[in-house]
>>> print(open('target_7.cif').read())   # mmCIF, C-alpha atoms
data_run
#
loop_
_atom_site.group_PDB
_atom_site.id
_atom_site.type_symbol
_atom_site.label_atom_id
_atom_site.label_comp_id
_atom_site.auth_asym_id
_atom_site.auth_seq_id
_atom_site.Cartn_x
_atom_site.Cartn_y
_atom_site.Cartn_z
ATOM 1 C CA MET A 1 29.259 0.281 13.266
ATOM 2 C CA GLU A 2 26.601 1.662 15.624
ATOM 3 C CA GLY A 3 23.842 0.119 13.507
ATOM 4 C CA LYS A 4 25.320 -3.297 14.224
ATOM 5 C CA CYS A 5 25.278 -2.535 17.958
ATOM 6 C CA PHE A 6 21.596 -1.585 17.778
ATOM 7 C CA GLN A 7 20.800 -4.635 15.700
ATOM 8 C CA GLU A 8 22.373 -6.884 18.360
ATOM 9 C CA LYS A 9 20.405 -5.123 21.092
ATOM 10 C CA PHE A 10 17.131 -5.453 19.161
ATOM 11 C CA GLY A 11 17.967 -9.117 18.557
ATOM 12 C CA ASP A 12 18.585 -9.666 22.273
ATOM 13 C CA ILE A 13 15.276 -8.031 23.188
ATOM 14 C CA TRP A 14 13.455 -10.007 20.483
ATOM 15 C CA LEU A 15 14.907 -13.311 21.681
ATOM 16 C CA ARG A 16 14.116 -12.669 25.363
ATOM 17 C CA ALA A 17 10.590 -11.451 24.547
ATOM 18 C CA ARG A 18 9.853 -14.305 22.126
ATOM 19 C CA HIS A 19 11.195 -16.851 24.629
ATOM 20 C CA ASN A 20 8.980 -15.446 27.396
ATOM 21 C CA ALA A 21 5.978 -15.201 25.056
ATOM 22 C CA LEU A 22 6.262 -18.852 24.039
ATOM 23 C CA ALA A 23 6.834 -20.034 27.631
ATOM 24 C CA ASN A 24 3.701 -18.156 28.733
ATOM 25 C CA LEU A 25 1.745 -19.589 25.805
ATOM 26 C CA ILE A 26 2.761 -23.108 26.832
ATOM 27 C CA ALA A 27 1.851 -22.323 30.460
ATOM 28 C CA ALA A 28 -1.539 -20.927 29.350
ATOM 29 C CA GLU A 29 -2.273 -24.053 27.328
ATOM 30 C CA LYS A 30 -1.426 -26.244 30.325
ATOM 31 C CA ALA A 31 -3.552 -24.084 32.646
ATOM 32 C CA ALA A 32 -6.454 -24.258 30.179
ATOM 33 C CA LYS A 33 -6.232 -28.045 30.103
ATOM 34 C CA CYS A 34 -6.216 -28.232 33.933
ATOM 35 C CA LEU A 35 -9.105 -25.787 34.077
ATOM 36 C CA PHE A 36 -11.100 -27.886 31.593
ATOM 37 C CA TRP A 37 -10.755 -31.054 33.687
ATOM 38 C CA THR A 38 -11.545 -29.168 36.892
ATOM 39 C CA GLU A 39 -14.702 -27.794 35.285
ATOM 40 C CA VAL A 40 -15.675 -31.291 34.111
ATOM 41 C CA PHE A 41 -15.299 -32.508 37.694
ATOM 42 C CA VAL A 42 -17.407 -29.599 38.993
ATOM 43 C CA ALA A 43 -20.075 -30.358 36.388
ATOM 44 C CA LEU A 44 -20.201 -33.955 37.625
ATOM 45 C CA LEU A 45 -20.571 -32.698 41.194
ATOM 46 C CA ILE A 46 -23.491 -30.523 40.090
ATOM 47 C CA ILE A 47 -25.137 -33.342 38.150
ATOM 48 C CA ALA A 48 -24.706 -35.936 40.941
ATOM 49 C CA PRO A 49 -27.482 -34.562 43.209
ATOM 50 C CA LEU A 50 -29.872 -34.217 40.282
ATOM 51 C CA ALA A 51 -29.159 -37.740 39.107
ATOM 52 C CA SER A 52 -29.498 -39.046 42.665
ATOM 53 C CA ILE A 53 -32.935 -37.480 43.075
ATOM 54 C CA ILE A 54 -34.130 -38.935 39.772
ATOM 55 C CA LEU A 55 -32.660 -42.373 40.478
ATOM 56 C CA SER A 56 -33.984 -42.455 44.060
ATOM 57 C CA GLN A 57 -37.444 -43.036 42.612
ATOM 58 C CA GLU A 58 -36.341 -46.388 41.194
ATOM 59 C CA PHE A 59 -33.334 -47.678 43.125
ATOM 60 C CA CYS A 60 -33.009 -48.462 46.793
ATOM 61 C CA PHE A 61 -29.333 -47.434 46.952
ATOM 62 C CA PHE A 62 -30.155 -43.871 45.909
ATOM 63 C CA LYS A 63 -33.072 -43.668 48.364
ATOM 64 C CA LYS A 64 -30.641 -44.370 51.227
ATOM 65 C CA TRP A 65 -27.759 -42.232 50.009
ATOM 66 C CA ASN A 66 -29.646 -39.391 48.297
ATOM 67 C CA LEU A 67 -29.003 -36.866 51.080
ATOM 68 C CA VAL A 68 -25.283 -37.693 51.293
ATOM 69 C CA ILE A 69 -24.846 -37.487 47.524
ATOM 70 C CA THR A 70 -26.764 -34.211 47.378
ATOM 71 C CA VAL A 71 -24.779 -32.579 50.183
ATOM 72 C CA PHE A 72 -21.429 -33.866 48.900
ATOM 73 C CA GLY A 73 -22.148 -32.788 45.311
ATOM 74 C CA SER A 74 -23.527 -29.370 46.215
ATOM 75 C CA LEU A 75 -20.832 -28.458 48.724
ATOM 76 C CA GLY A 76 -18.095 -29.897 46.511
ATOM 77 C CA ALA A 77 -19.233 -27.861 43.515
ATOM 78 C CA LEU A 78 -19.533 -24.763 45.690
ATOM 79 C CA PHE A 79 -16.053 -25.281 47.120
ATOM 80 C CA PHE A 80 -14.357 -25.830 43.749
ATOM 81 C CA THR A 81 -16.054 -22.857 42.084
ATOM 82 C CA LEU A 82 -16.029 -20.220 44.810
ATOM 83 C CA ILE A 83 -13.190 -21.116 47.127
ATOM 84 C CA GLY A 84 -11.124 -23.790 45.450
ATOM 85 C CA SER A 85 -8.837 -24.299 42.556
ATOM 86 C CA THR A 86 -11.179 -23.378 39.696
ATOM 87 C CA ARG A 87 -10.819 -19.652 40.318
ATOM 88 C CA GLU A 88 -7.060 -19.981 40.773
ATOM 89 C CA LYS A 89 -6.718 -21.918 37.506
ATOM 90 C CA GLN A 90 -8.802 -19.267 35.720
ATOM 91 C CA ARG A 91 -6.571 -16.490 37.069
ATOM 92 C CA MET A 92 -3.458 -18.425 36.062
ATOM 93 C CA GLU A 93 -4.692 -19.028 32.518
ATOM 94 C CA ASN A 94 -5.747 -15.383 32.116
ATOM 95 C CA TYR A 95 -2.399 -14.168 33.436
ATOM 96 C CA HIS A 96 -0.392 -16.363 31.057
ATOM 97 C CA ARG A 97 -2.570 -15.335 28.081
ATOM 98 C CA ARG A 98 -2.005 -11.642 28.886
ATOM 99 C CA ALA A 99 1.737 -12.176 29.472
ATOM 100 C CA HIS A 100 1.985 -14.011 26.132
ATOM 101 C CA MET A 101 0.296 -11.063 24.429
ATOM 102 C CA HIS A 102 2.593 -8.491 26.096
ATOM 103 C CA PHE A 103 5.835 -10.348 25.365
ATOM 104 C CA ASN A 104 4.675 -11.068 21.809
ATOM 105 C CA ASN A 105 3.981 -7.357 21.346
ATOM 106 C CA ILE A 106 7.493 -6.514 22.576
ATOM 107 C CA ALA A 107 9.011 -9.054 20.167
ATOM 108 C CA GLN A 108 7.063 -7.598 17.245
ATOM 109 C CA LYS A 109 8.182 -4.063 18.103
ATOM 110 C CA ALA A 110 11.788 -5.239 18.416
ATOM 111 C CA ARG A 111 11.550 -6.643 14.856
ATOM 112 C CA ARG A 112 10.874 -3.094 13.639
ATOM 113 C CA GLY A 113 14.207 -1.980 15.069
ATOM 114 C CA ASP A 114 16.194 -3.032 12.033
ATOM 115 C CA MET A 115 14.137 -0.693 9.835
ATOM 116 C CA ILE A 116 15.042 2.467 11.783
ATOM 117 C CA ASP A 117 17.963 4.527 10.465
ATOM 118 C CA ASN A 118 17.946 7.302 13.064
ATOM 119 C CA GLU A 119 20.210 6.611 16.072
ATOM 120 C CA ASN A 120 17.990 8.589 18.476
ATOM 121 C CA GLU A 121 14.913 6.646 17.381
ATOM 122 C CA CYS A 122 16.806 3.375 17.924
ATOM 123 C CA LYS A 123 17.864 4.414 21.430
ATOM 124 C CA TYR A 124 14.338 5.558 22.277
ATOM 125 C CA LEU A 125 12.789 2.312 20.990
ATOM 126 C CA ILE A 126 15.340 0.182 22.857
ATOM 127 C CA ARG A 127 14.723 2.099 26.088
ATOM 128 C CA SER A 128 10.952 1.826 25.748
ATOM 129 C CA LEU A 129 11.153 -1.882 24.863
ATOM 130 C CA GLU A 130 13.348 -2.586 27.881
ATOM 131 C CA GLU A 131 10.900 -0.693 30.106
ATOM 132 C CA MET A 132 7.997 -2.688 28.635
ATOM 133 C CA PHE A 133 9.964 -5.896 29.173
ATOM 134 C CA GLU A 134 10.668 -5.064 32.818
ATOM 135 C CA ALA A 135 7.019 -4.188 33.445
ATOM 136 C CA ALA A 136 5.789 -7.348 31.709
ATOM 137 C CA LYS A 137 8.050 -9.700 33.611
ATOM 138 C CA ASN A 138 6.745 -8.646 37.037
ATOM 139 C CA ASN A 139 4.538 -11.665 37.297
ATOM 140 C CA SER A 140 2.941 -13.779 39.934
ATOM 141 C CA TYR A 141 2.748 -16.936 37.804
ATOM 142 C CA GLU A 142 6.158 -17.714 36.359
ATOM 143 C CA PRO A 143 6.274 -20.464 33.722
ATOM 144 C CA THR A 144 8.165 -23.548 34.859
ATOM 145 C CA ASP A 145 11.712 -24.378 33.776
ATOM 146 C CA ASP A 146 10.298 -27.143 31.602
ATOM 147 C CA GLN A 147 7.988 -24.668 29.863
ATOM 148 C CA TYR A 148 10.954 -22.370 29.184
ATOM 149 C CA LYS A 149 12.872 -25.341 27.738
ATOM 150 C CA GLN A 150 9.909 -26.194 25.489
ATOM 151 C CA ALA A 151 9.774 -22.561 24.367
ATOM 152 C CA MET A 152 13.483 -22.580 23.488
ATOM 153 C CA THR A 153 12.960 -25.776 21.502
ATOM 154 C CA ARG A 154 10.232 -24.005 19.501
ATOM 155 C CA ILE A 155 12.560 -21.073 18.871
ATOM 156 C CA LYS A 156 15.339 -23.394 17.711
ATOM 157 C CA ASN A 157 12.899 -25.033 15.296
ATOM 158 C CA MET A 158 11.936 -21.721 13.676
ATOM 159 C CA PRO A 159 12.963 -21.691 10.011
ATOM 160 C CA LYS A 160 14.824 -18.372 10.271
ATOM 161 C CA LEU A 161 15.602 -16.220 13.277
ATOM 162 C CA PRO A 162 15.637 -12.440 12.794
ATOM 163 C CA PHE A 163 18.714 -10.261 13.330
ATOM 164 C CA GLU A 164 21.013 -13.161 12.386
ATOM 165 C CA ILE A 165 20.647 -14.502 15.949
ATOM 166 C CA LYS A 166 22.935 -17.395 16.757
ATOM 167 C CA LEU A 167 21.712 -19.673 19.519
ATOM 168 C CA HIS A 168 24.590 -21.123 21.470
ATOM 169 C CA GLU A 169 24.290 -24.530 23.103
ATOM 170 C CA LYS A 170 25.611 -24.780 26.639
ATOM 171 C CA LYS A 171 28.463 -27.207 26.791
ATOM 172 C CA SER A 172 28.496 -29.468 29.816
ATOM 173 C CA ASN A 173 31.729 -29.805 31.770
ATOM 174 C CA GLU A 174 32.865 -33.380 31.561
#
>>> encode(input="target_7.cif", output="structure tokens")
Amino acid sequence: MEGKCFQEKFGDIWLRARHNALANLIAAEKAAKCLFWTEVFVALLIIAPLASIILSQEFCFFKKWNLVITVFGSLGALFFTLIGSTREKQRMENYHRRAHMHFNNIAQKARRGDMIDNENECKYLIRSLEEMFEAAKNNSYEPTDDQYKQAMTRIKNMPKLPFEIKLHEKKSNE
């Protein structure tokens, strides 16, 4: 009877950890995509002054606007890399990658719970997993509600959930 209780608790921890891991993975992928396009924009800002200098030799437009293009490109690239959103997007992606790893680790350890026969070992593992979960969820970049919904959709599409987990659909009040 107690084994069933532990199995339910391990299943609950696994589901919460897997859900958070997938939501953070989705958030990391989105942050990586935003970071990529920001870095492309910064690269264009860096290339603009160089291209302007080269083209000023041949075209009148670039002779007149070379200084403006150079200042705009240089200061824009400096702003986006040192002060602006590039660093923030890098921090966000790194955070979500680490959070994905931590929650994934918790989920994997929870899967081992059904192999333990000793009640004290089960209690110890549950307590340590809950402590790890609490420490891991203290985050500054929470995935969005949409990312959590996408993560739950991935979980629902898994071929087989461990611990005989039954996902219940919320019924809307009509």
>>> residues_around(input="target_7.cif", residues="A:Lys33", least_positions_apart="3", cutoff="12 Å", atoms="only C-alpha atoms", output="ChimeraX atom specification")
/A:26-30,36-40,86,89-90,92-93
>>> write_last_selection(input="target_7.cif", atoms="C-alpha atoms", output="short mmCIF file (atom, residue, chain, number, x, y, z; two decimals), in the frame of the given file")
data_model
loop_
_atom_site.label_atom_id
_atom_site.label_comp_id
_atom_site.auth_asym_id
_atom_site.auth_seq_id
_atom_site.Cartn_x
_atom_site.Cartn_y
_atom_site.Cartn_z
CA ILE A 26 2.76 -23.11 26.83
CA ALA A 27 1.85 -22.32 30.46
CA ALA A 28 -1.54 -20.93 29.35
CA GLU A 29 -2.27 -24.05 27.33
CA LYS A 30 -1.43 -26.24 30.32
CA PHE A 36 -11.10 -27.89 31.59
CA TRP A 37 -10.76 -31.05 33.69
CA THR A 38 -11.54 -29.17 36.89
CA GLU A 39 -14.70 -27.79 35.28
CA VAL A 40 -15.68 -31.29 34.11
CA THR A 86 -11.18 -23.38 39.70
CA LYS A 89 -6.72 -21.92 37.51
CA GLN A 90 -8.80 -19.27 35.72
CA MET A 92 -3.46 -18.42 36.06
CA GLU A 93 -4.69 -19.03 32.52
#
>>> closest_residue(input="target_7.cif", among="A:Pro143, A:Cys60, A:Leu75, A:Ile126", to="A:Ile46", atoms="all atoms listed in the file")
A:Leu75
>>> closest_residue(input="target_7.cif", among="A:Met115, A:Ala136, A:Leu45, A:Arg16", to="A:Phe80", atoms="all atoms listed in the file")
A:Leu45
>>> closest_residue(input="target_7.cif", among="A:Leu167, A:Val68, A:Ala31, A:Ala17", to="A:Ser85", atoms="only C-alpha atoms")
A:Ala31
>>> resolve_selection(input="target_7.cif", expression="the PyMOL selection byres ((chain A and resi 52-57) around 12)", output="ChimeraX atom specification")
/A:44-51,58-74
>>> atom_distance(input="target_7.cif", atom1="atom CA of A:Leu125", atom2="atom CA of A:Asn94")
27.9 Å
>>> closest_residue(input="target_7.cif", among="A:Ala23, A:Ile13, A:Glu130, A:Arg87", to="A:Met152", atoms="all atoms listed in the file")
A:Ala23
